[in-house]
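One file, final_3.pdb, is given below (PDB, C-alpha atoms).
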MODEL        1
ATOM      1  CA  MET D 195     -14.498 -20.764  24.156
ATOM      2  CA  LYS D 196     -16.077 -17.543  22.953
ATOM      3  CA  GLU D 197     -15.906 -14.484  25.161
ATOM      4  CA  ASN D 198     -18.970 -13.435  27.094
ATOM      5  CA  PRO D 199     -21.103 -11.625  24.466
ATOM      6  CA  ILE D 200     -21.837  -8.783  26.889
ATOM      7  CA  LEU D 201     -18.102  -8.071  27.258
ATOM      8  CA  THR D 202     -17.685  -8.206  23.480
ATOM      9  CA  ARG D 203     -20.528  -5.731  23.010
ATOM     10  CA  GLU D 204     -19.030  -3.387  25.619
ATOM     11  CA  ARG D 205     -15.632  -3.497  23.877
ATOM     12  CA  ILE D 206     -17.210  -2.750  20.499
ATOM     13  CA  PHE D 207     -19.032   0.269  21.935
ATOM     14  CA  SER D 208     -15.835   1.460  23.630
ATOM     15  CA  LYS D 209     -14.429   2.080  20.141
ATOM     16  CA  ARG D 210     -17.049   4.730  19.391
ATOM     17  CA  GLU D 211     -14.747   7.747  19.777
ATOM     18  CA  THR D 212     -12.120   6.103  17.568
ATOM     19  CA  LEU D 213     -14.710   5.187  14.942
ATOM     20  CA  ILE D 214     -15.927   8.784  14.810
ATOM     21  CA  LYS D 215     -12.344   9.874  14.197
ATOM     22  CA  ARG D 216     -12.042   7.156  11.554
ATOM     23  CA  GLN D 217     -15.075   8.588   9.781
ATOM     24  CA  ASN D 218     -13.627  12.112   9.935
ATOM     25  CA  ILE D 219     -10.296  10.930   8.514
ATOM     26  CA  ILE D 220     -11.876   9.058   5.601
ATOM     27  CA  ASN D 221     -14.252  11.947   4.859
ATOM     28  CA  ALA D 222     -11.335  14.397   4.783
ATOM     29  CA  ILE D 223      -9.334  12.195   2.410
ATOM     30  CA  ARG D 224     -12.321  11.732   0.129
ATOM     31  CA  ALA D 225     -13.019  15.468   0.097
ATOM     32  CA  MET D 226      -9.385  16.215  -0.761
ATOM     33  CA  PHE D 227      -9.443  13.953  -3.815
ATOM     34  CA  ILE D 228     -12.806  15.220  -5.016
ATOM     35  CA  SER D 229     -11.682  18.857  -4.650
ATOM     36  CA  ASP D 230      -8.706  17.971  -6.895
ATOM     37  CA  ASN D 231     -11.107  16.645  -9.581
ATOM     38  CA  TYR D 232     -10.443  12.956  -8.986
ATOM     39  CA  LEU D 233     -13.316  10.637  -9.818
ATOM     40  CA  GLU D 234     -14.187   8.124  -7.111
ATOM     41  CA  ILE D 235     -14.832   4.696  -8.602
ATOM     42  CA  GLU D 236     -15.618   1.168  -7.446
ATOM     43  CA  THR D 237     -14.181  -1.956  -9.047
ATOM     44  CA  PRO D 238     -15.071  -5.604  -8.293
ATOM     45  CA  ILE D 239     -13.851  -7.242  -5.106
ATOM     46  CA  ARG D 240     -14.074 -10.741  -6.637
ATOM     47  CA  ILE D 241     -11.901 -11.194  -9.729
ATOM     48  CA  GLU D 242     -10.721 -14.017 -11.968
ATOM     49  CA  SER D 243      -7.001 -13.154 -12.003
ATOM     50  CA  PRO D 244      -5.042 -11.395  -9.226
ATOM     51  CA  ALA D 245      -1.611 -10.009  -9.998
ATOM     52  CA  PRO D 246       0.815 -12.955  -9.550
ATOM     53  CA  GLU D 247       3.040 -11.442  -6.875
ATOM     54  CA  ALA D 248       5.303 -13.968  -5.200
ATOM     55  CA  ASN D 249       4.952 -12.518  -1.694
ATOM     56  CA  ILE D 250       1.220 -11.763  -1.652
ATOM     57  CA  ASP D 251      -1.516 -14.373  -1.350
ATOM     58  CA  THR D 252      -5.180 -13.602  -1.667
ATOM     59  CA  ILE D 253      -8.249 -15.698  -0.821
ATOM     60  CA  GLN D 254     -10.294 -17.884  -3.141
ATOM     61  CA  SER D 255     -14.028 -17.264  -3.435
ATOM     62  CA  GLU D 256     -16.124 -19.750  -5.418
ATOM     63  CA  GLY D 257     -13.646 -20.106  -8.263
ATOM     64  CA  ARG D 258     -12.553 -16.470  -8.170
ATOM     65  CA  PHE D 259     -10.240 -14.486  -5.900
ATOM     66  CA  LEU D 260     -10.830 -11.658  -3.449
ATOM     67  CA  ILE D 261      -8.673  -8.689  -4.413
ATOM     68  CA  ALA D 262      -5.359  -8.056  -2.658
ATOM     69  CA  SER D 263      -5.476  -4.668  -4.404
ATOM     70  CA  PRO D 264      -7.700  -3.118  -7.104
ATOM     71  CA  GLU D 265      -4.581  -2.196  -9.079
ATOM     72  CA  LEU D 266      -5.087  -4.056 -12.350
ATOM     73  CA  GLN D 267      -8.741  -3.071 -12.567
ATOM     74  CA  MET D 268      -8.020   0.590 -11.856
ATOM     75  CA  LYS D 269      -5.303   0.720 -14.516
ATOM     76  CA  ARG D 270      -7.783  -0.653 -17.022
ATOM     77  CA  VAL D 271     -10.055   2.284 -16.128
ATOM     78  CA  VAL D 272      -7.167   4.713 -16.697
ATOM     79  CA  GLY D 273      -6.617   3.057 -20.076
ATOM     80  CA  ALA D 274     -10.246   3.680 -20.997
ATOM     81  CA  GLY D 275      -9.618   7.425 -20.788
ATOM     82  CA  TYR D 276      -9.872   8.504 -17.128
ATOM     83  CA  ASP D 277      -7.097  10.874 -16.057
ATOM     84  CA  LYS D 278      -7.491  10.914 -12.248
ATOM     85  CA  ILE D 279      -9.283   8.236 -10.214
ATOM     86  CA  PHE D 280      -9.341   7.019  -6.617
ATOM     87  CA  GLN D 281     -10.993   4.272  -4.640
ATOM     88  CA  ILE D 282     -11.522   3.353  -0.976
ATOM     89  CA  THR D 283     -12.183  -0.364  -0.816
ATOM     90  CA  LYS D 284     -11.821  -3.596   1.134
ATOM     91  CA  CYS D 285      -8.833  -5.779   0.224
ATOM     92  CA  PHE D 286      -7.894  -9.272   1.361
ATOM     93  CA  ARG D 287      -4.597 -11.024   2.019
ATOM     94  CA  LYS D 288      -4.363 -14.563   3.268
ATOM     95  CA  ASP D 289      -2.823 -15.285   6.670
ATOM     96  CA  GLU D 290      -1.998 -11.647   7.417
ATOM     97  CA  THR D 291      -2.936 -11.115  11.057
ATOM     98  CA  GLY D 292      -1.256  -9.454  13.999
ATOM     99  CA  ARG D 293      -0.787  -6.097  15.680
ATOM    100  CA  THR D 294      -0.594  -4.206  12.376
ATOM    101  CA  HIS D 295      -2.207  -6.670   9.938
ATOM    102  CA  LEU D 296      -5.749  -7.702   9.077
ATOM    103  CA  THR D 297      -6.759 -10.365   6.581
ATOM    104  CA  GLU D 298      -9.537  -7.964   5.484
ATOM    105  CA  PHE D 299      -8.482  -4.315   5.500
ATOM    106  CA  THR D 300      -9.325  -0.928   3.983
ATOM    107  CA  MET D 301      -7.198   0.401   1.133
ATOM    108  CA  LEU D 302      -7.007   3.830  -0.449
ATOM    109  CA  GLU D 303      -5.691   3.618  -3.998
ATOM    110  CA  TRP D 304      -5.308   6.369  -6.582
ATOM    111  CA  TYR D 305      -3.960   6.824 -10.127
ATOM    112  CA  LYS D 306      -3.016   9.897 -12.107
ATOM    113  CA  LYS D 307      -2.204  10.170 -15.789
ATOM    114  CA  ASP D 308       1.354  11.463 -16.318
ATOM    115  CA  GLY D 309       2.042  11.090 -12.600
ATOM    116  CA  THR D 310       5.549  10.411 -11.287
ATOM    117  CA  VAL D 311       7.185   9.154  -8.100
ATOM    118  CA  GLU D 312       7.522  12.798  -7.081
ATOM    119  CA  THR D 313       3.777  13.253  -7.667
ATOM    120  CA  LEU D 314       3.028  10.300  -5.389
ATOM    121  CA  ILE D 315       5.307  11.626  -2.654
ATOM    122  CA  ASN D 316       3.559  15.000  -2.746
ATOM    123  CA  ASP D 317       0.150  13.311  -2.759
ATOM    124  CA  CYS D 318       1.043  11.351   0.377
ATOM    125  CA  LYS D 319       2.041  14.538   2.167
ATOM    126  CA  GLU D 320      -1.253  16.217   1.278
ATOM    127  CA  ILE D 321      -3.343  13.174   2.222
ATOM    128  CA  ILE D 322      -1.750  12.773   5.631
ATOM    129  CA  LYS D 323      -1.940  16.508   6.290
ATOM    130  CA  ALA D 324      -5.671  16.541   5.469
ATOM    131  CA  ALA D 325      -6.299  13.443   7.589
ATOM    132  CA  ALA D 326      -4.317  14.833  10.530
ATOM    133  CA  ILE D 327      -6.131  18.179  10.430
ATOM    134  CA  ALA D 328      -9.451  16.310  10.518
ATOM    135  CA  VAL D 329      -8.614  14.887  13.969
ATOM    136  CA  ASN D 330      -6.554  17.786  15.329
ATOM    137  CA  GLN D 331      -3.221  15.998  14.873
ATOM    138  CA  TYR D 332      -1.490  18.558  12.645
ATOM    139  CA  PRO D 333       1.352  19.517  12.627
ATOM    140  CA  VAL D 334       2.300  16.910  15.266
ATOM    141  CA  ILE D 335       0.786  13.446  15.601
ATOM    142  CA  SER D 336       0.735  12.772  19.323
ATOM    143  CA  GLY D 337       3.053  10.120  20.679
ATOM    144  CA  THR D 338       2.033   7.133  22.767
ATOM    145  CA  GLU D 339       3.742   4.981  25.377
ATOM    146  CA  ASN D 340       5.386   3.013  22.560
ATOM    147  CA  ARG D 341       5.721   5.669  19.858
ATOM    148  CA  LYS D 342       7.372   9.066  19.591
ATOM    149  CA  PRO D 343       5.428  12.104  18.349
ATOM    150  CA  ILE D 344       5.534  12.424  14.547
ATOM    151  CA  PHE D 345       6.333  15.917  13.255
ATOM    152  CA  LEU D 346       4.578  16.429   9.923
ATOM    153  CA  ASN D 347       6.019  19.934   9.553
ATOM    154  CA  LYS D 348       9.623  18.676   9.490
ATOM    155  CA  GLU D 349      11.344  17.589   6.288
ATOM    156  CA  TRP D 350      10.227  14.120   5.116
ATOM    157  CA  PRO D 351      13.470  12.421   4.029
ATOM    158  CA  VAL D 352      13.643  10.410   0.802
ATOM    159  CA  TYR D 353      16.183   7.572   0.872
ATOM    160  CA  ASP D 354      17.755   5.771  -2.069
ATOM    161  CA  ILE D 355      17.474   2.006  -1.472
ATOM    162  CA  ASN D 356      21.005   1.106  -2.609
ATOM    163  CA  ASP D 357      22.642   3.863  -0.587
ATOM    164  CA  THR D 358      20.563   2.941   2.460
ATOM    165  CA  TYR D 359      21.366  -0.774   2.304
ATOM    166  CA  GLU D 360      25.056   0.011   1.877
ATOM    167  CA  LYS D 361      25.019   2.338   4.884
ATOM    168  CA  VAL D 362      22.809   0.268   7.196
ATOM    169  CA  ALA D 363      23.174  -3.360   6.040
ATOM    170  CA  GLY D 364      26.650  -3.280   4.501
ATOM    171  CA  TRP D 365      25.774  -4.253   0.910
ATOM    172  CA  ARG D 366      24.238  -2.778  -2.254
ATOM    173  CA  PRO D 367      21.279  -4.780  -3.626
ATOM    174  CA  GLY D 368      21.784  -3.780  -7.282
ATOM    175  CA  PRO D 369      19.152  -4.676  -9.893
ATOM    176  CA  ASN D 370      18.772  -8.371  -9.033
ATOM    177  CA  PRO D 371      19.374  -8.993  -5.316
ATOM    178  CA  ASP D 372      18.796 -12.214  -3.416
ATOM    179  CA  GLU D 373      15.149 -11.752  -2.476
ATOM    180  CA  ASP D 374      15.319 -13.502   0.905
ATOM    181  CA  ARG D 375      18.348 -11.470   1.970
ATOM    182  CA  PHE D 376      16.748  -8.251   0.755
ATOM    183  CA  ASP D 377      13.497  -8.927   2.624
ATOM    184  CA  PHE D 378      15.247 -10.048   5.813
ATOM    185  CA  ASP D 379      17.449  -6.964   5.959
ATOM    186  CA  MET D 380      14.505  -4.706   5.141
ATOM    187  CA  VAL D 381      12.626  -5.928   8.222
ATOM    188  CA  ASP D 382      15.614  -6.502  10.510
ATOM    189  CA  LYS D 383      17.796  -3.480   9.645
ATOM    190  CA  ILE D 384      16.325  -0.916   7.256
ATOM    191  CA  GLU D 385      12.859  -0.361   8.706
ATOM    192  CA  PRO D 386      14.131  -0.028  12.323
ATOM    193  CA  TRP D 387      16.725   2.510  11.092
ATOM    194  CA  LEU D 388      14.148   4.846   9.540
ATOM    195  CA  PRO D 389      13.338   7.980  11.575
ATOM    196  CA  LEU D 390      10.455   7.678  14.031
ATOM    197  CA  ASP D 391       9.879  11.423  14.536
ATOM    198  CA  ARG D 392       8.761  12.113  10.957
ATOM    199  CA  PRO D 393       7.507  10.225   7.885
ATOM    200  CA  ALA D 394      10.088   8.994   5.362
ATOM    201  CA  PHE D 395      10.180   7.497   1.874
ATOM    202  CA  LEU D 396      12.283   4.738   0.338
ATOM    203  CA  THR D 397      12.839   5.021  -3.428
ATOM    204  CA  LYS D 398      14.743   3.557  -6.385
ATOM    205  CA  TYR D 399      14.003  -0.083  -5.661
ATOM    206  CA  PRO D 400      15.887  -2.853  -7.479
ATOM    207  CA  ALA D 401      14.363  -3.669 -10.848
ATOM    208  CA  LYS D 402      13.588  -7.175  -9.590
ATOM    209  CA  MET D 403      11.535  -5.891  -6.640
ATOM    210  CA  ALA D 404       8.707  -4.181  -8.528
ATOM    211  CA  SER D 405       6.978  -6.415 -11.069
ATOM    212  CA  LEU D 406       4.337  -3.804 -11.992
ATOM    213  CA  ALA D 407       6.566  -0.719 -12.093
ATOM    214  CA  ARG D 408       8.383   0.773 -15.042
ATOM    215  CA  LEU D 409      12.163   1.020 -14.936
ATOM    216  CA  ASP D 410      14.078   4.280 -14.869
ATOM    217  CA  LYS D 411      14.813   5.135 -18.508
ATOM    218  CA  ASN D 412      18.206   6.520 -17.442
ATOM    219  CA  ASN D 413      19.045   3.565 -15.195
ATOM    220  CA  PRO D 414      17.250   0.271 -15.980
ATOM    221  CA  ALA D 415      18.635  -1.266 -12.782
ATOM    222  CA  VAL D 416      16.147   0.876 -10.848
ATOM    223  CA  ALA D 417      12.366   0.563 -10.617
ATOM    224  CA  MET D 418      10.353   3.768 -10.270
ATOM    225  CA  ARG D 419       8.822   2.709  -6.957
ATOM    226  CA  THR D 420       8.461   4.380  -3.557
ATOM    227  CA  GLU D 421       7.211   3.363  -0.122
ATOM    228  CA  LEU D 422       6.084   5.581   2.747
ATOM    229  CA  TYR D 423       6.876   4.820   6.401
ATOM    230  CA  ALA D 424       5.738   6.638   9.537
ATOM    231  CA  GLY D 425       5.877   5.723  13.184
ATOM    232  CA  GLY D 426       7.513   2.409  12.407
ATOM    233  CA  LEU D 427       4.708   1.394  10.030
ATOM    234  CA  GLU D 428       4.727   0.907   6.274
ATOM    235  CA  LEU D 429       1.799   3.057   5.138
ATOM    236  CA  ALA D 430       1.892   3.192   1.343
ATOM    237  CA  ASN D 431       3.475   1.652  -1.736
ATOM    238  CA  GLY D 432       3.362   3.029  -5.261
ATOM    239  CA  PHE D 433       5.130   3.457  -8.551
ATOM    240  CA  GLU D 434       5.157   4.766 -12.059
ATOM    241  CA  GLU D 435       3.218   2.085 -13.882
ATOM    242  CA  LEU D 436       4.645  -0.326 -16.398
ATOM    243  CA  THR D 437       2.584  -0.006 -19.591
ATOM    244  CA  ASP D 438       4.518  -2.265 -21.999
ATOM    245  CA  PRO D 439       2.389  -5.413 -22.532
ATOM    246  CA  LYS D 440       5.282  -7.653 -23.594
ATOM    247  CA  ILE D 441       7.452  -6.799 -20.604
ATOM    248  CA  GLN D 442       4.500  -7.010 -18.221
ATOM    249  CA  GLU D 443       3.536 -10.466 -19.431
ATOM    250  CA  GLU D 444       7.149 -11.614 -19.064
ATOM    251  CA  ARG D 445       7.213 -10.297 -15.502
ATOM    252  CA  PHE D 446       3.910 -12.016 -14.676
ATOM    253  CA  ILE D 447       5.324 -15.319 -15.942
ATOM    254  CA  ALA D 448       8.485 -14.822 -13.852
ATOM    255  CA  GLU D 449       6.454 -14.025 -10.720
ATOM    256  CA  GLU D 450       4.238 -17.054 -11.307
ATOM    257  CA  LYS D 451       7.381 -19.196 -11.568
ATOM    258  CA  LEU D 452       8.514 -17.831  -8.194
ATOM    259  CA  ARG D 453       5.127 -18.654  -6.709
ATOM    260  CA  ARG D 454       5.429 -22.264  -7.859
ATOM    261  CA  GLU D 455       8.973 -22.507  -6.492
ATOM    262  CA  LYS D 456       7.657 -21.363  -3.105
ATOM    263  CA  GLY D 457       4.906 -23.985  -3.219
ATOM    264  CA  LYS D 458       2.129 -21.416  -3.581
ATOM    265  CA  PRO D 459      -1.078 -21.938  -5.589
ATOM    266  CA  PRO D 460      -0.922 -20.657  -9.179
ATOM    267  CA  TYR D 461      -2.735 -17.535 -10.339
ATOM    268  CA  PRO D 462      -3.985 -17.257 -13.927
ATOM    269  CA  ILE D 463      -2.544 -14.340 -15.888
ATOM    270  CA  ASP D 464      -5.064 -11.522 -16.333
ATOM    271  CA  GLU D 465      -5.443 -11.617 -20.110
ATOM    272  CA  LEU D 466      -7.943  -8.738 -20.064
ATOM    273  CA  PHE D 467      -5.340  -6.524 -18.409
ATOM    274  CA  ILE D 468      -2.644  -7.580 -20.883
ATOM    275  CA  ASN D 469      -5.033  -6.918 -23.782
ATOM    276  CA  ASP D 470      -5.762  -3.444 -22.397
ATOM    277  CA  LEU D 471      -2.033  -2.783 -22.237
ATOM    278  CA  LYS D 472      -1.846  -3.750 -25.905
ATOM    279  CA  LEU D 473      -4.629  -1.269 -26.671
ATOM    280  CA  GLY D 474      -2.603   1.350 -24.821
ATOM    281  CA  ILE D 475      -2.556   2.682 -21.276
ATOM    282  CA  PRO D 476      -1.037   6.157 -20.851
ATOM    283  CA  ASN D 477       1.910   6.901 -18.626
ATOM    284  CA  CYS D 478       0.552   7.106 -15.100
ATOM    285  CA  ALA D 479       1.464   6.609 -11.464
ATOM    286  CA  GLY D 480      -0.499   4.915  -8.728
ATOM    287  CA  MET D 481      -0.268   4.456  -4.971
ATOM    288  CA  ALA D 482      -1.936   2.209  -2.410
ATOM    289  CA  MET D 483      -2.231   3.330   1.222
ATOM    290  CA  GLY D 484      -3.412   1.224   4.148
ATOM    291  CA  LEU D 485      -6.056   3.363   5.830
ATOM    292  CA  ASP D 486      -6.370   1.249   8.969
ATOM    293  CA  ARG D 487      -2.678   1.778   9.755
ATOM    294  CA  LEU D 488      -2.921   5.516   9.089
ATOM    295  CA  ILE D 489      -5.913   5.667  11.435
ATOM    296  CA  MET D 490      -3.880   3.795  14.080
ATOM    297  CA  LEU D 491      -1.245   6.544  13.991
ATOM    298  CA  LEU D 492      -3.749   9.393  14.023
ATOM    299  CA  THR D 493      -5.785   7.966  16.917
ATOM    300  CA  GLY D 494      -2.876   6.765  19.057
ATOM    301  CA  LYS D 495      -3.816   3.095  18.897
ATOM    302  CA  GLU D 496      -1.284   0.275  19.167
ATOM    303  CA  GLU D 497      -3.437  -2.505  17.696
ATOM    304  CA  ILE D 498      -5.110  -2.426  14.292
ATOM    305  CA  ASN D 499      -8.112  -4.242  15.802
ATOM    306  CA  GLU D 500      -8.803  -1.076  17.826
ATOM    307  CA  VAL D 501      -9.648   1.023  14.734
ATOM    308  CA  VAL D 502     -12.255  -1.253  13.142
ATOM    309  CA  ALA D 503     -15.812  -1.690  14.432
ATOM    310  CA  LEU D 504     -15.596  -5.480  14.501
ATOM    311  CA  SER D 505     -12.213  -7.158  14.718
ATOM    312  CA  PRO D 506     -11.604 -10.790  13.640
ATOM    313  CA  ASP D 507     -11.919 -11.791  17.320
ATOM    314  CA  GLU D 508     -15.434 -10.336  17.426
ATOM    315  CA  ILE D 509     -16.986 -12.222  14.478
TER     316      ILE D 509
ENDMDL
END
Please re-express this file's structure in structure tokens.
Amino acid sequence: MKENPILTRERIFSKRETLIKRQNIINAIRAMFISDNYLEIETPIRIESPAPEANIDTIQSEGRFLIASPELQMKRVVGAGYDKIFQITKCFRKDETGRTHLTEFTMLEWYKKDGTVETLINDCKEIIKAAAIAVNQYPVISGTENRKPIFLNKEWPVYDINDTYEKVAGWRPGPNPDEDRFDFDMVDKIEPWLPLDRPAFLTKYPAKMASLARLDKNNPAVAMRTELYAGGLELANGFEELTDPKIQEERFIAEEKLRREKGKPPYPIDELFINDLKLGIPNCAGMAMGLDRLIMLLTGKEEINEVVALSPDEI
């Protein structure tokens, strides 16, 4: 039975203060990128071919797919000659619901020609600083009943994945770890071990765990990927982009094989993206950040439904 519509309306209006802060946060992030000469773009939400990632499922829409990320489309724009681009868009992931997940959510994604993992780490620091200032949460994001204060002015540690797994989980993943074991220990051991009083990054992922990232030229066992965590939440994921069309197509085929082995529906390979790689895409780095989760931290909310005007329960 649906809730009394009057109670639903009252709950929606009770979010007003949070939604004003949400607007201020997004405006501050947008202004930061524009002041750094990034071009804001929009790419299609419905596409023919999502990236075939084994652990991410998107939603079908009349023979096409709703984007899980605008990544492939944005890299095609970089390949056409754009040096610095960003986008704030809706993304969709099937069956992702809960305290920190929405099936439909807001993503910030950006790409920079000649960017590196270090570039992405610095970008994240500047983005979160700008967002926190916009809602008077800098240098300390206030704690809540279930979360410690987050000190943005302390050092943000950067952890090597292999060293961290060895220290915390008792084994080194290497270039080709058992995926189920890696994922289980990430959730059960690594993420709870990360500091709660400051943001932190994980880097140097196993080559197997980053199908769209280039490998370290000095150590091909390592993918040039990083993830940002804060307050117990994964906020952002990014990497130095793989631009070799042959290797990328091989990785897509391998990921599609994994999808079939897991009983998941097949995704067609994005031939337009592969063709653009063959034409040439410059060295670049890109990052995706979940804005709803960032807004949760900056507004002291425990549920992601509290930072959107209409939650899934209200439609």
| Who sits within 8 Å of stretch 333-339 of chain D, all atoms listed in the file, same chain under 6 positions skipped, as a ChimeraX atom specification | /D:323,326-327,345-347,491-492,494
| request: Please identify all polymer residues within 7 Å of stretch 235-247 of chain D, counting all atoms listed in the file, omitting same-chain residues fewer than 2 positions from it, and present them as number ranges by chain. | output: D: 233, 249-250, 258-261, 264, 267, 279-281, 446, 449-450, 461-464
| request: Would you kindly return, as a ChimeraX atom specification, each protein, DNA or RNA residue with an atom no farther than 9 Å from any atom of D:Ala424, considering all atoms listed in the file and excluding same-chain residues fewer than 3 positions away? | output: /D:344,388-395,427-429,488,491
| said: Running the PyMOL selection byres ((chain D and resi 312) around 12) on this model by hand, what would come out? Give it as a list in words. | reply: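 Taken on the displayed file, the PyMOL selection byres ((chain D and resi 312) around 12) yields the residues Asp308, Gly309, Thr310, Val311, Thr313, Leu314, Ile315, Asn316, Asp317, Cys318, Lys319, Val352, Phe395, Leu396, Thr397, Lys398, Met418, Arg419, Thr420, Glu421, Gly432, Phe433, Glu434, Ala479, Gly480 and Met481 of chain D.
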Please return the centre and edge lengths, in Å to one decimal, of a box with edges along x, y and z that contains all listed atoms of stretch 301-312 of chain D, widened by 6 Å on every side, as AutoDock Vina command-line options.
--center_x 0.2 --center_y 6.6 --center_z -7.6 --size_x 26.7 --size_y 24.4 --size_z 29.5
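Between atom CA of D:Leu471 and atom CA of D:Gly273 the separation is 7.7 Å.
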| field | Selected residue of minimal separation from D:Glu435 among D:Leu266, D:Leu473, D:Met483, D:Ala415, counting all atoms listed in the file | value | D:Leu266
| request: Check what the PyMOL selection byres ((chain D and resi 251) around 9) selects in the file above and give those residues as a PyMOL selection string. | output: chain D and resi 246-250+252-253+262+286-289+458-459
| Got a sec to resolve the PyMOL selection byres ((chain D and resi 291-300) around 8) on this structure and send the residues as a list in words? | Ile282, Thr283, Lys284, Cys285, Phe286, Arg287, Lys288, Asp289, Glu290, Met301, Leu302, Gly484, Leu485, Asp486, Arg487, Glu496, Glu497, Ile498 and Asn499 of chain D
| note | From atom CA of D:Val329 to atom CA of D:Lys215 the spacing works out at 6.3 Å
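Considering only C-alpha atoms, the residue among D:Ala407, D:Ala324, D:Ile441, D:Ile200 positioned nearest to D:Lys472 is D:Ile441.
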| task | Have a look at atom CA of D:Thr437 and atom CA of D:Asn477 and let me know their distance in Å, one decimal. | result |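 Value for the atom CA of D:Thr437-atom CA of D:Asn477 distance: 7.0 Å.
Of the listed residues (D:Val362, D:Leu201, D:Ala448, D:Leu466), D:Val362 comes nearest to D:Glu385; the distances count only C-alpha atoms.
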| remark: Using only C-alpha atoms, the shortest atom-to-atom distance to D:Glu265 among D:Glu500, D:Asn431, D:Asp382, D:Trp387 belongs to D:Asn431
| message | Using all atoms listed in the file, can you tell me which of D:Pro506, D:Gly364, D:Pro400, D:Pro476 comes closest to D:Tyr305? | response | D:Pro476
| said: Which residues are close to D:Tyr232, i.e. within 12 Å by only C-alpha atoms, leaving aside same-chain residues fewer than 6 positions away? Reply as a list in words. | reply: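 Listing them by chain and then by number gives Ile223, Arg224, Ala225, Met226, Val272, Tyr276, Asp277, Lys278, Ile279, Phe280, Gln281, Glu303, Trp304, Tyr305, Lys306 and Lys307 of chain D.
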